[in-house]
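Source file final_14.json; content: JSON, C-alpha atoms.
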[["chain", "number", "residue", "atom", "x", "y", "z"],
["A", 108, "MET", "CA", -70.14, -123.18, 169.47],
["A", 109, "SER", "CA", -67.60, -120.70, 170.78],
["A", 110, "GLN", "CA", -65.84, -121.51, 174.02],
["A", 111, "ARG", "CA", -63.67, -119.37, 176.26],
["A", 112, "ALA", "CA", -61.04, -120.99, 178.44],
["A", 113, "ILE", "CA", -58.23, -119.75, 180.66],
["A", 114, "ARG", "CA", -55.37, -121.69, 182.20],
["A", 115, "ILE", "CA", -52.34, -120.70, 184.27],
["A", 116, "VAL", "CA", -49.15, -122.58, 183.47],
["A", 117, "VAL", "CA", -45.64, -122.39, 184.92],
["A", 118, "VAL", "CA", -42.52, -122.49, 182.75],
["A", 119, "ARG", "CA", -40.47, -125.39, 184.13],
["A", 120, "ASN", "CA", -37.50, -125.87, 181.83],
["A", 121, "GLU", "CA", -34.12, -124.48, 182.95],
["A", 122, "GLN", "CA", -33.55, -122.25, 179.94],
["A", 123, "GLY", "CA", -37.01, -120.69, 180.00],
["A", 124, "LEU", "CA", -39.11, -119.87, 176.94],
["A", 125, "HIS", "CA", -36.22, -119.34, 174.54],
["A", 126, "MET", "CA", -36.47, -119.45, 170.77],
["A", 127, "ARG", "CA", -36.98, -123.17, 170.14],
["A", 128, "PRO", "CA", -39.68, -123.74, 172.77],
["A", 129, "ALA", "CA", -41.27, -120.46, 171.66],
["A", 130, "ASP", "CA", -41.34, -121.78, 168.09],
["A", 131, "MET", "CA", -42.87, -125.08, 169.24],
["A", 132, "PHE", "CA", -45.48, -123.20, 171.27],
["A", 133, "VAL", "CA", -46.45, -120.96, 168.33],
["A", 134, "GLN", "CA", -46.67, -123.88, 165.91],
["A", 135, "ARG", "CA", -48.89, -125.81, 168.30],
["A", 136, "ALA", "CA", -51.09, -122.76, 168.90],
["A", 137, "ALA", "CA", -51.43, -122.22, 165.14],
["A", 138, "GLN", "CA", -53.06, -125.64, 164.77],
["A", 139, "PHE", "CA", -56.17, -124.33, 166.53],
["A", 140, "GLU", "CA", -58.88, -122.15, 165.14],
["A", 141, "SER", "CA", -59.33, -120.31, 168.47],
["A", 142, "GLU", "CA", -57.81, -116.93, 169.14],
["A", 143, "ILE", "CA", -55.16, -117.56, 171.77],
["A", 144, "THR", "CA", -53.36, -115.01, 173.92],
["A", 145, "VAL", "CA", -50.71, -115.32, 176.62],
["A", 146, "SER", "CA", -50.30, -112.88, 179.49],
["A", 147, "LYS", "CA", -47.46, -112.32, 181.88],
["A", 148, "GLU", "CA", -47.96, -109.71, 184.58],
["A", 149, "GLY", "CA", -50.51, -107.87, 182.45],
["A", 150, "HIS", "CA", -48.41, -107.97, 179.28],
["A", 151, "ARG", "CA", -50.68, -109.75, 176.79],
["A", 152, "ILE", "CA", -49.56, -111.14, 173.44],
["A", 153, "ASN", "CA", -50.71, -113.22, 170.47],
["A", 154, "ALA", "CA", -49.79, -116.89, 171.03],
["A", 155, "LYS", "CA", -49.51, -117.46, 167.27],
["A", 156, "SER", "CA", -46.69, -114.94, 166.71],
["A", 157, "ILE", "CA", -43.16, -116.00, 167.62],
["A", 158, "MET", "CA", -42.02, -112.42, 167.87],
["A", 159, "ASP", "CA", -44.82, -111.77, 170.34],
["A", 160, "VAL", "CA", -44.04, -114.88, 172.38],
["A", 161, "LEU", "CA", -40.37, -113.91, 172.62],
["A", 162, "THR", "CA", -41.38, -110.60, 174.21],
["A", 163, "LEU", "CA", -42.56, -112.57, 177.26],
["A", 164, "ALA", "CA", -38.93, -113.23, 178.33],
["A", 165, "ALA", "CA", -40.33, -116.07, 180.43],
["A", 166, "VAL", "CA", -37.57, -117.53, 182.61],
["A", 167, "LYS", "CA", -37.97, -120.74, 184.59],
["A", 168, "GLY", "CA", -40.68, -120.33, 187.20],
["A", 169, "THR", "CA", -42.66, -117.69, 185.27],
["A", 170, "GLU", "CA", -46.45, -117.96, 185.50],
["A", 171, "LEU", "CA", -48.24, -117.48, 182.20],
["A", 172, "GLU", "CA", -51.97, -117.08, 181.70],
["A", 173, "ILE", "CA", -53.13, -118.65, 178.46],
["A", 174, "GLU", "CA", -56.55, -117.68, 177.17],
["A", 175, "ALA", "CA", -58.34, -119.19, 174.18],
["A", 176, "VAL", "CA", -61.59, -118.11, 172.55],
["A", 177, "GLY", "CA", -63.13, -120.20, 169.78],
["A", 178, "SER", "CA", -64.63, -123.54, 168.85],
["A", 179, "ASP", "CA", -61.60, -125.52, 170.04],
["A", 180, "ALA", "CA", -60.58, -123.38, 173.03],
["A", 181, "GLU", "CA", -60.61, -126.20, 175.58],
["A", 182, "SER", "CA", -58.48, -128.59, 173.55],
["A", 183, "ALA", "CA", -56.09, -125.77, 172.59],
["A", 184, "LEU", "CA", -55.42, -125.02, 176.25],
["A", 185, "GLU", "CA", -55.08, -128.69, 177.07],
["A", 186, "GLU", "CA", -52.39, -129.12, 174.39],
["A", 187, "LEU", "CA", -50.51, -125.89, 175.14],
["A", 188, "ALA", "CA", -50.48, -126.50, 178.89],
["A", 189, "LYS", "CA", -49.15, -130.01, 178.30],
["A", 190, "LEU", "CA", -46.39, -128.59, 176.10],
["A", 191, "VAL", "CA", -45.25, -125.98, 178.64],
["A", 192, "GLU", "CA", -45.60, -128.13, 181.76],
["A", 193, "GLY", "CA", -43.93, -131.02, 179.93],
["A", 194, "GLN", "CA", -40.90, -128.79, 179.31],
["A", 195, "PHE", "CA", -41.45, -128.72, 175.55],
["A", 196, "ALA", "CA", -39.73, -131.94, 174.71],
["A", 197, "THR", "CA", -39.07, -135.56, 175.20],
["A", 198, "ASP", "CA", -35.38, -135.10, 174.46],
["A", 199, "LYS", "CA", -32.71, -132.70, 175.69],
["A", 200, "THR", "CA", -31.80, -131.09, 172.38],
["A", 201, "VAL", "CA", -34.27, -128.29, 173.00],
["A", 202, "GLU", "CA", -32.01, -126.94, 175.75],
["A", 203, "ASN", "CA", -29.04, -126.50, 173.43],
["B", 454, "MET", "CA", -32.40, -104.96, 178.90],
["B", 455, "LYS", "CA", -31.36, -102.37, 176.31],
["B", 456, "PHE", "CA", -29.42, -102.73, 173.06],
["B", 457, "ALA", "CA", -26.54, -100.76, 174.58],
["B", 458, "ASP", "CA", -26.24, -103.45, 177.28],
["B", 459, "PHE", "CA", -25.22, -106.17, 174.83],
["B", 460, "ILE", "CA", -24.62, -104.82, 171.31],
["B", 461, "ASN", "CA", -20.96, -104.19, 170.52],
["B", 462, "SER", "CA", -21.10, -100.99, 168.46],
["B", 463, "ASP", "CA", -17.75, -101.42, 166.64],
["B", 464, "SER", "CA", -18.82, -104.72, 165.07],
["B", 465, "ILE", "CA", -22.10, -103.45, 163.53],
["B", 466, "ARG", "CA", -22.22, -103.84, 159.74],
["B", 467, "ALA", "CA", -24.60, -101.82, 157.55],
["B", 468, "GLU", "CA", -23.80, -103.61, 154.31],
["B", 469, "LEU", "CA", -23.08, -107.31, 154.67],
["B", 470, "ALA", "CA", -20.95, -108.84, 151.92],
["B", 471, "ALA", "CA", -22.25, -112.32, 152.80],
["B", 472, "ASP", "CA", -24.88, -113.87, 150.57],
["B", 473, "ASP", "CA", -25.67, -117.12, 152.38],
["B", 474, "LYS", "CA", -26.30, -118.47, 155.85],
["B", 475, "ASP", "CA", -22.78, -119.72, 156.59],
["B", 476, "SER", "CA", -21.03, -116.61, 155.37],
["B", 477, "VAL", "CA", -23.30, -114.16, 157.20],
["B", 478, "ILE", "CA", -22.60, -115.95, 160.48],
["B", 479, "ARG", "CA", -18.87, -115.98, 159.75],
["B", 480, "GLU", "CA", -18.89, -112.30, 158.80],
["B", 481, "MET", "CA", -20.77, -111.20, 161.92],
["B", 482, "ALA", "CA", -18.80, -113.37, 164.36],
["B", 483, "GLY", "CA", -15.62, -112.21, 162.61],
["B", 484, "ALA", "CA", -16.65, -108.59, 163.15],
["B", 485, "LEU", "CA", -17.06, -109.31, 166.88],
["B", 486, "ALA", "CA", -13.59, -110.88, 166.97],
["B", 487, "ALA", "CA", -12.06, -107.96, 165.04],
["B", 488, "ALA", "CA", -13.63, -105.58, 167.56],
["B", 489, "GLY", "CA", -12.15, -107.59, 170.43],
["B", 490, "ALA", "CA", -15.59, -108.55, 171.78],
["B", 491, "VAL", "CA", -14.78, -112.25, 171.43],
["B", 492, "ALA", "CA", -11.37, -113.92, 171.37],
["B", 493, "GLU", "CA", -9.90, -114.36, 167.89],
["B", 494, "GLU", "CA", -8.73, -117.90, 168.71],
["B", 495, "GLU", "CA", -12.30, -118.88, 169.68],
["B", 496, "LEU", "CA", -13.82, -117.63, 166.41],
["B", 497, "ASP", "CA", -13.95, -120.99, 164.62],
["B", 498, "SER", "CA", -15.46, -122.69, 167.62],
["B", 499, "ILE", "CA", -18.10, -119.93, 167.98],
["B", 500, "VAL", "CA", -19.05, -120.04, 164.29],
["B", 501, "LYS", "CA", -19.38, -123.85, 164.43],
["B", 502, "ALA", "CA", -21.58, -123.64, 167.53],
["B", 503, "ILE", "CA", -23.91, -121.10, 165.89],
["B", 504, "LEU", "CA", -24.17, -123.21, 162.73],
["B", 505, "ARG", "CA", -24.95, -126.31, 164.83],
["B", 506, "ARG", "CA", -27.75, -124.37, 166.50],
["B", 507, "GLU", "CA", -29.15, -123.40, 163.09],
["B", 508, "GLU", "CA", -29.29, -127.09, 162.14],
["B", 509, "LEU", "CA", -31.81, -127.62, 164.95],
["B", 510, "GLY", "CA", -34.11, -125.05, 163.35],
["B", 511, "SER", "CA", -33.62, -121.69, 161.68],
["B", 512, "THR", "CA", -33.45, -118.61, 163.90],
["B", 513, "GLY", "CA", -35.07, -116.65, 161.07],
["B", 514, "ILE", "CA", -38.20, -115.62, 163.00],
["B", 515, "GLY", "CA", -40.02, -113.83, 160.20],
["B", 516, "ARG", "CA", -40.48, -110.20, 159.15],
["B", 517, "GLY", "CA", -37.05, -110.35, 157.51],
["B", 518, "VAL", "CA", -35.31, -110.89, 160.85],
["B", 519, "ALA", "CA", -32.93, -113.60, 162.10],
["B", 520, "VAL", "CA", -31.30, -113.99, 165.50],
["B", 521, "PRO", "CA", -28.49, -116.56, 165.11],
["B", 522, "HIS", "CA", -27.11, -117.38, 168.54],
["B", 523, "THR", "CA", -25.24, -119.79, 170.76],
["B", 524, "LYS", "CA", -23.99, -120.30, 174.24],
["B", 525, "HIS", "CA", -20.21, -120.30, 174.40],
["B", 526, "PRO", "CA", -17.89, -120.78, 177.39],
["B", 527, "SER", "CA", -15.36, -118.23, 176.09],
["B", 528, "VAL", "CA", -17.60, -115.24, 176.90],
["B", 529, "ASP", "CA", -18.34, -114.12, 180.45],
["B", 530, "LYS", "CA", -21.17, -111.79, 179.50],
["B", 531, "LEU", "CA", -23.76, -111.65, 176.76],
["B", 532, "VAL", "CA", -22.39, -109.99, 173.63],
["B", 533, "GLY", "CA", -24.06, -109.34, 170.30],
["B", 534, "THR", "CA", -23.93, -107.42, 167.08],
["B", 535, "VAL", "CA", -26.24, -106.24, 164.30],
["B", 536, "ALA", "CA", -25.92, -106.43, 160.53],
["B", 537, "VAL", "CA", -28.05, -105.52, 157.55],
["B", 538, "SER", "CA", -28.10, -107.26, 154.17],
["B", 539, "VAL", "CA", -29.20, -104.77, 151.53],
["B", 540, "GLU", "CA", -30.44, -107.49, 149.17],
["B", 541, "GLY", "CA", -31.62, -109.92, 151.83],
["B", 542, "LEU", "CA", -30.62, -113.59, 151.80],
["B", 543, "ASP", "CA", -32.15, -117.02, 152.20],
["B", 544, "PHE", "CA", -31.92, -118.06, 155.86],
["B", 545, "GLU", "CA", -34.55, -120.82, 155.79],
["B", 546, "SER", "CA", -36.81, -118.55, 157.83],
["B", 547, "LEU", "CA", -39.96, -119.80, 159.52],
["B", 548, "ASP", "CA", -42.05, -117.71, 157.10],
["B", 549, "GLY", "CA", -39.90, -118.53, 154.05],
["B", 550, "GLU", "CA", -39.03, -114.86, 153.45],
["B", 551, "LYS", "CA", -35.53, -113.51, 152.81],
["B", 552, "VAL", "CA", -33.72, -112.04, 155.80],
["B", 553, "GLN", "CA", -32.32, -108.50, 155.84],
["B", 554, "LEU", "CA", -31.85, -107.85, 159.56],
["B", 555, "PHE", "CA", -29.51, -109.95, 161.68],
["B", 556, "PHE", "CA", -28.93, -109.89, 165.42],
["B", 557, "LEU", "CA", -26.19, -112.31, 166.48],
["B", 558, "LEU", "CA", -25.93, -113.25, 170.16],
["B", 559, "ILE", "CA", -23.29, -115.14, 172.15],
["B", 560, "SER", "CA", -24.13, -115.95, 175.75],
["B", 561, "PRO", "CA", -22.27, -117.48, 178.65],
["B", 562, "PRO", "CA", -23.65, -120.99, 179.29],
["B", 563, "ASP", "CA", -25.01, -120.19, 182.75],
["B", 564, "ARG", "CA", -27.04, -117.02, 182.05],
["B", 565, "PRO", "CA", -30.33, -118.03, 180.39],
["B", 566, "GLY", "CA", -32.13, -114.99, 181.81],
["B", 567, "ASP", "CA", -29.88, -112.49, 180.01],
["B", 568, "HIS", "CA", -30.37, -114.33, 176.73],
["B", 569, "LEU", "CA", -34.17, -114.24, 177.17],
["B", 570, "ARG", "CA", -34.11, -110.52, 178.01],
["B", 571, "ALA", "CA", -32.02, -109.79, 174.90],
["B", 572, "LEU", "CA", -34.51, -111.76, 172.77],
["B", 573, "GLU", "CA", -37.32, -109.83, 174.45],
["B", 574, "ASN", "CA", -35.73, -106.50, 173.62],
["B", 575, "ILE", "CA", -34.98, -107.43, 170.00],
["B", 576, "SER", "CA", -38.50, -108.81, 169.39],
["B", 577, "ARG", "CA", -40.24, -105.89, 171.07],
["B", 578, "GLN", "CA", -38.38, -103.32, 169.00],
["B", 579, "LEU", "CA", -38.72, -105.25, 165.74],
["B", 580, "ARG", "CA", -42.49, -105.46, 166.07],
["B", 581, "ASP", "CA", -42.40, -101.77, 165.22],
["B", 582, "ASP", "CA", -42.55, -101.21, 161.45],
["B", 583, "THR", "CA", -40.83, -97.83, 161.60],
["B", 584, "PHE", "CA", -37.85, -99.24, 163.49],
["B", 585, "CYS", "CA", -37.56, -102.11, 160.97],
["B", 586, "ARG", "CA", -37.77, -99.77, 158.01],
["B", 587, "PHE", "CA", -35.17, -97.35, 159.38],
["B", 588, "LEU", "CA", -32.86, -100.25, 160.19],
["B", 589, "LYS", "CA", -33.12, -101.63, 156.65],
["B", 590, "GLN", "CA", -32.38, -98.19, 155.23],
["B", 591, "SER", "CA", -29.31, -97.61, 157.42],
["B", 592, "LYS", "CA", -26.20, -96.81, 155.41],
["B", 593, "SER", "CA", -23.50, -96.97, 158.08],
["B", 594, "THR", "CA", -22.47, -98.44, 161.41],
["B", 595, "GLU", "CA", -23.12, -95.03, 162.96],
["B", 596, "ASP", "CA", -26.67, -94.87, 161.52],
["B", 597, "ILE", "CA", -27.50, -98.27, 163.04],
["B", 598, "TRP", "CA", -25.97, -97.46, 166.41],
["B", 599, "GLN", "CA", -27.91, -94.17, 166.51],
["B", 600, "LEU", "CA", -31.11, -96.06, 165.74],
["B", 601, "LEU", "CA", -30.45, -98.57, 168.54],
["B", 602, "VAL", "CA", -29.81, -95.73, 170.98],
["B", 603, "GLU", "CA", -33.09, -94.09, 169.95],
["B", 604, "ALA", "CA", -34.87, -97.40, 170.43],
["B", 605, "ASP", "CA", -33.30, -97.70, 173.89],
["B", 606, "ASN", "CA", -34.72, -94.27, 174.67],
["B", 607, "ASN", "CA", -38.21, -95.45, 173.68],
["B", 608, "GLN", "CA", -38.39, -93.44, 170.49],
["B", 609, "PHE", "CA", -40.26, -96.19, 168.68],
["B", 610, "VAL", "CA", -42.44, -98.15, 171.07],
["B", 611, "SER", "CA", -43.86, -97.58, 174.50]]
Render the structure in this file as structure tokens.
Amino acid sequence: MSQRAIRIVVVRNEQGLHMRPADMFVQRAAQFESEITVSKEGHRINAKSIMDVLTLAAVKGTELEIEAVGSDAESALEELAKLVEGQFATDKTVEN
Amino acid sequence: MKFADFINSDSIRAELAADDKDSVIREMAGALAAAGAVAEEELDSIVKAILRREELGSTGIGRGVAVPHTKHPSVDKLVGTVAVSVEGLDFESLDGEKVQLFFLLISPPDRPGDHLRALENISRQLRDDTFCRFLKQSKSTEDIWQLLVEADNNQFVS
């Protein structure tokens, strides 16, 4: 059954959503069947395209609205929110 | 942010000689040094830093585009350059495709916002097929610079 879910997350890492976190985000999003979009101040993009995600230019403190529509929408948002709020990593190499 | 805010026009290369990852980074960083945009004595250190960053994961983001980059303490503002490989080369891209279009960026360590805005600008423009095609067909430094100026003036995307 199709679900629709929306969640607001805040970018917390110092360097913002630069290329490596963007890549991690896109790869995680791609694991879900749901269509997933991310919006920042009305600018809405495809969460499964790295080029799209990089157009967010999301610095630390940016609020992003993630929306998922599909059979696994709830779990997709759960995972993606955890990734962003958890600063994308368990180690510091992602900031280099 | 616009291309003109961070792309050093003198170091743009329309026909890269390089045919692999290491040599394209050396050629582009070398062009920035030759143009005086980065210090010649820092060149080795800059090239090494960019290659170290590539080891963490390729900056080939698909659609034939790569954005090799690093932070480096020798620059006090974001500086970058553009190069085109006519044949394309293997850059271990995320989508496995050869890369023809390169944007190389060097940022001061304490300015993450500028780096993100440069990535935003590059990605936004490169989502446009016409811009990509024209860039790949560019025959000279002047052609590429003209194209970047047109992109800055919103000739390609809204």
Wanna dump the segment 136-158 of chain A-segment 580-586 of chain B contacts at 12 Å for me, each residue with its shortest atom pair and the distance in Å to one decimal, counting all atoms listed in the file, ordered by chain and number, as a Markdown table?
| residue | atom | partner | partner_atom | distance |
| --- | --- | --- | --- | --- |
| A:Ile152 | CA | B:Arg580 | CA | 11.7 |
| A:Ser156 | CA | B:Arg580 | CA | 10.4 |
| A:Ile157 | CA | B:Arg580 | CA | 10.7 |
| A:Met158 | CA | B:Arg580 | CA | 7.2 |
- Task: Take atom CA of Gln110 of chain A and atom CA of Val176 of chain A and report the distance between them in Å, one decimal.
- Result: 5.6 Å
- Quick one: residues within 9 Å of Ala482 of chain B, all atoms listed in the file counted, chain neighbours fewer than 3 positions away excluded, as a PyMOL selection string? chain B and resi 464+477-479+485-487+491+496+499-500+533-534+557
Sort by chain and increasing residue number a table of all residues of chain B within 10 Å of chain A, each with its closest pair of atoms and their distance in Å to one decimal, counting all atoms listed in the file, and write it as JSON lines.
{"residue": "B:Ala502", "atom": "CA", "partner": "A:Asn203", "partner_atom": "CA", "distance": 9.9}
{"residue": "B:Arg505", "atom": "CA", "partner": "A:Asn203", "partner_atom": "CA", "distance": 9.5}
{"residue": "B:Arg506", "atom": "CA", "partner": "A:Asn203", "partner_atom": "CA", "distance": 7.4}
{"residue": "B:Leu509", "atom": "CA", "partner": "A:Thr200", "partner_atom": "CA", "distance": 8.2}
{"residue": "B:Gly510", "atom": "CA", "partner": "A:Arg127", "partner_atom": "CA", "distance": 7.6}
{"residue": "B:Ser511", "atom": "CA", "partner": "A:Arg127", "partner_atom": "CA", "distance": 9.2}
{"residue": "B:Thr512", "atom": "CA", "partner": "A:Met126", "partner_atom": "CA", "distance": 7.6}
{"residue": "B:Ile514", "atom": "CA", "partner": "A:Ile157", "partner_atom": "CA", "distance": 6.8}
{"residue": "B:Gly515", "atom": "CA", "partner": "A:Met158", "partner_atom": "CA", "distance": 8.1}
{"residue": "B:Arg516", "atom": "CA", "partner": "A:Met158", "partner_atom": "CA", "distance": 9.1}
{"residue": "B:Val518", "atom": "CA", "partner": "A:Met158", "partner_atom": "CA", "distance": 9.8}
{"residue": "B:Val520", "atom": "CA", "partner": "A:Met126", "partner_atom": "CA", "distance": 9.2}
{"residue": "B:His522", "atom": "CA", "partner": "A:Met126", "partner_atom": "CA", "distance": 9.8}
{"residue": "B:Thr523", "atom": "CA", "partner": "A:Asn203", "partner_atom": "CA", "distance": 8.2}
{"residue": "B:Lys524", "atom": "CA", "partner": "A:Asn203", "partner_atom": "CA", "distance": 8.0}
{"residue": "B:Leu547", "atom": "CA", "partner": "A:Asp130", "partner_atom": "CA", "distance": 8.9}
{"residue": "B:Pro562", "atom": "CA", "partner": "A:Asn203", "partner_atom": "CA", "distance": 9.7}
{"residue": "B:Asp563", "atom": "CA", "partner": "A:Gln122", "partner_atom": "CA", "distance": 9.2}
{"residue": "B:Arg564", "atom": "CA", "partner": "A:Gln122", "partner_atom": "CA", "distance": 8.6}
{"residue": "B:Pro565", "atom": "CA", "partner": "A:Gln122", "partner_atom": "CA", "distance": 5.3}
{"residue": "B:Gly566", "atom": "CA", "partner": "A:Val166", "partner_atom": "CA", "distance": 6.1}
{"residue": "B:Asp567", "atom": "CA", "partner": "A:Ala164", "partner_atom": "CA", "distance": 9.2}
{"residue": "B:His568", "atom": "CA", "partner": "A:His125", "partner_atom": "CA", "distance": 8.0}
{"residue": "B:Leu569", "atom": "CA", "partner": "A:Ala164", "partner_atom": "CA", "distance": 5.0}
{"residue": "B:Arg570", "atom": "CA", "partner": "A:Ala164", "partner_atom": "CA", "distance": 5.5}
{"residue": "B:Ala571", "atom": "CA", "partner": "A:Ala164", "partner_atom": "CA", "distance": 8.4}
{"residue": "B:Leu572", "atom": "CA", "partner": "A:Leu161", "partner_atom": "CA", "distance": 6.2}
{"residue": "B:Glu573", "atom": "CA", "partner": "A:Thr162", "partner_atom": "CA", "distance": 4.1}
{"residue": "B:Asn574", "atom": "CA", "partner": "A:Thr162", "partner_atom": "CA", "distance": 7.0}
{"residue": "B:Ile575", "atom": "CA", "partner": "A:Thr162", "partner_atom": "CA", "distance": 8.3}
{"residue": "B:Ser576", "atom": "CA", "partner": "A:Met158", "partner_atom": "CA", "distance": 5.3}
{"residue": "B:Arg577", "atom": "CA", "partner": "A:Thr162", "partner_atom": "CA", "distance": 5.8}
{"residue": "B:Gln578", "atom": "CA", "partner": "A:Thr162", "partner_atom": "CA", "distance": 9.4}
{"residue": "B:Leu579", "atom": "CA", "partner": "A:Met158", "partner_atom": "CA", "distance": 8.2}
{"residue": "B:Arg580", "atom": "CA", "partner": "A:Met158", "partner_atom": "CA", "distance": 7.2}
Based on the selection just made, write C-alpha atoms of those residues as an mmCIF file, in the coordinates of the input.
data_model
loop_
_atom_site.group_PDB
_atom_site.id
_atom_site.type_symbol
_atom_site.label_atom_id
_atom_site.label_comp_id
_atom_site.auth_asym_id
_atom_site.auth_seq_id
_atom_site.Cartn_x
_atom_site.Cartn_y
_atom_site.Cartn_z
ATOM 1 C CA ALA B 502 -21.580 -123.640 167.530
ATOM 2 C CA ARG B 505 -24.950 -126.310 164.830
ATOM 3 C CA ARG B 506 -27.750 -124.370 166.500
ATOM 4 C CA LEU B 509 -31.810 -127.620 164.950
ATOM 5 C CA GLY B 510 -34.110 -125.050 163.350
ATOM 6 C CA SER B 511 -33.620 -121.690 161.680
ATOM 7 C CA THR B 512 -33.450 -118.610 163.900
ATOM 8 C CA ILE B 514 -38.200 -115.620 163.000
ATOM 9 C CA GLY B 515 -40.020 -113.830 160.200
ATOM 10 C CA ARG B 516 -40.480 -110.200 159.150
ATOM 11 C CA VAL B 518 -35.310 -110.890 160.850
ATOM 12 C CA VAL B 520 -31.300 -113.990 165.500
ATOM 13 C CA HIS B 522 -27.110 -117.380 168.540
ATOM 14 C CA THR B 523 -25.240 -119.790 170.760
ATOM 15 C CA LYS B 524 -23.990 -120.300 174.240
ATOM 16 C CA LEU B 547 -39.960 -119.800 159.520
ATOM 17 C CA PRO B 562 -23.650 -120.990 179.290
ATOM 18 C CA ASP B 563 -25.010 -120.190 182.750
ATOM 19 C CA ARG B 564 -27.040 -117.020 182.050
ATOM 20 C CA PRO B 565 -30.330 -118.030 180.390
ATOM 21 C CA GLY B 566 -32.130 -114.990 181.810
ATOM 22 C CA ASP B 567 -29.880 -112.490 180.010
ATOM 23 C CA HIS B 568 -30.370 -114.330 176.730
ATOM 24 C CA LEU B 569 -34.170 -114.240 177.170
ATOM 25 C CA ARG B 570 -34.110 -110.520 178.010
ATOM 26 C CA ALA B 571 -32.020 -109.790 174.900
ATOM 27 C CA LEU B 572 -34.510 -111.760 172.770
ATOM 28 C CA GLU B 573 -37.320 -109.830 174.450
ATOM 29 C CA ASN B 574 -35.730 -106.500 173.620
ATOM 30 C CA ILE B 575 -34.980 -107.430 170.000
ATOM 31 C CA SER B 576 -38.500 -108.810 169.390
ATOM 32 C CA ARG B 577 -40.240 -105.890 171.070
ATOM 33 C CA GLN B 578 -38.380 -103.320 169.000
ATOM 34 C CA LEU B 579 -38.720 -105.250 165.740
ATOM 35 C CA ARG B 580 -42.490 -105.460 166.070
#
- Lys147 of chain A environment, 8 Å, only C-alpha atoms, sequence neighbours closer than 3 positions dropped, as a list in words: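 What passes the distance filter is His150, Arg151, Leu163, Thr169, Glu170, Leu171 and Glu172 of chain A.
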- Task: Go through B:Glu540, B:Glu550, B:Glu507, B:Glu494 and flag the residue nearest Gln590 of chain B, using all atoms listed in the file for the distances.
- Result: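 Comparing B:Glu540, B:Glu550, B:Glu507, B:Glu494 against Gln590 of chain B, the winner is B:Glu540.
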- Task: Between atom CA of Leu588 of chain B and atom CA of Gly513 of chain B, measure the distance and give it in Å to one decimal.
- Result: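 Atom CA of Leu588 of chain B sits 16.6 Å away from atom CA of Gly513 of chain B.
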- Do you know which residues are at most 12 Å from segment 180-194 of chain A counting all atoms listed in the file, after dropping those on the same chain fewer than 3 positions away, and could you put them as a VMD selection string? chain A and resid 108 to 125 127 to 145 154 to 155 165 167 to 177 197 to 202
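Reported to one decimal place, the separation of atom CA of Phe459 of chain B from atom CA of Val532 of chain B is 4.9 Å.
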Please supply segment 543-555 of chain B, rebuilt with N, CA and C atoms, as a PDB file, in the frame of the given file.
ATOM      1  N   ASP B 543     -31.349-115.871 151.768  1.00  0.00           N
ATOM      2  CA  ASP B 543     -32.150-117.020 152.200  1.00  0.00           C
ATOM      3  C   ASP B 543     -31.577-117.567 153.507  1.00  0.00           C
ATOM      4  N   PHE B 544     -32.369-117.579 154.549  1.00  0.00           N
ATOM      5  CA  PHE B 544     -31.920-118.060 155.860  1.00  0.00           C
ATOM      6  C   PHE B 544     -32.835-119.182 156.360  1.00  0.00           C
ATOM      7  N   GLU B 545     -33.600-119.752 155.450  1.00  0.00           N
ATOM      8  CA  GLU B 545     -34.550-120.820 155.790  1.00  0.00           C
ATOM      9  C   GLU B 545     -35.509-120.379 156.892  1.00  0.00           C
ATOM     10  N   SER B 546     -35.959-119.133 156.793  1.00  0.00           N
ATOM     11  CA  SER B 546     -36.810-118.550 157.830  1.00  0.00           C
ATOM     12  C   SER B 546     -38.119-119.305 158.014  1.00  0.00           C
ATOM     13  N   LEU B 547     -38.701-119.136 159.190  1.00  0.00           N
ATOM     14  CA  LEU B 547     -39.960-119.800 159.520  1.00  0.00           C
ATOM     15  C   LEU B 547     -41.058-119.393 158.531  1.00  0.00           C
ATOM     16  N   ASP B 548     -41.016-118.149 158.036  1.00  0.00           N
ATOM     17  CA  ASP B 548     -42.050-117.710 157.100  1.00  0.00           C
ATOM     18  C   ASP B 548     -41.590-117.790 155.640  1.00  0.00           C
ATOM     19  N   GLY B 549     -40.391-118.332 155.417  1.00  0.00           N
ATOM     20  CA  GLY B 549     -39.900-118.530 154.050  1.00  0.00           C
ATOM     21  C   GLY B 549     -39.383-117.267 153.377  1.00  0.00           C
ATOM     22  N   GLU B 550     -39.463-116.125 154.055  1.00  0.00           N
ATOM     23  CA  GLU B 550     -39.030-114.860 153.450  1.00  0.00           C
ATOM     24  C   GLU B 550     -37.513-114.687 153.577  1.00  0.00           C
ATOM     25  N   LYS B 551     -36.942-113.871 152.693  1.00  0.00           N
ATOM     26  CA  LYS B 551     -35.530-113.510 152.810  1.00  0.00           C
ATOM     27  C   LYS B 551     -35.282-112.701 154.075  1.00  0.00           C
ATOM     28  N   VAL B 552     -34.057-112.777 154.585  1.00  0.00           N
ATOM     29  CA  VAL B 552     -33.720-112.040 155.800  1.00  0.00           C
ATOM     30  C   VAL B 552     -32.797-110.869 155.474  1.00  0.00           C
ATOM     31  N   GLN B 553     -33.149-109.703 156.013  1.00  0.00           N
ATOM     32  CA  GLN B 553     -32.320-108.500 155.840  1.00  0.00           C
ATOM     33  C   GLN B 553     -31.667-108.049 157.142  1.00  0.00           C
ATOM     34  N   LEU B 554     -32.336-108.344 158.263  1.00  0.00           N
ATOM     35  CA  LEU B 554     -31.850-107.850 159.560  1.00  0.00           C
ATOM     36  C   LEU B 554     -31.357-108.998 160.426  1.00  0.00           C
ATOM     37  N   PHE B 555     -30.111-108.886 160.876  1.00  0.00           N
ATOM     38  CA  PHE B 555     -29.510-109.950 161.680  1.00  0.00           C
ATOM     39  C   PHE B 555     -29.050-109.426 163.036  1.00  0.00           C
TER      40      PHE B 555
END
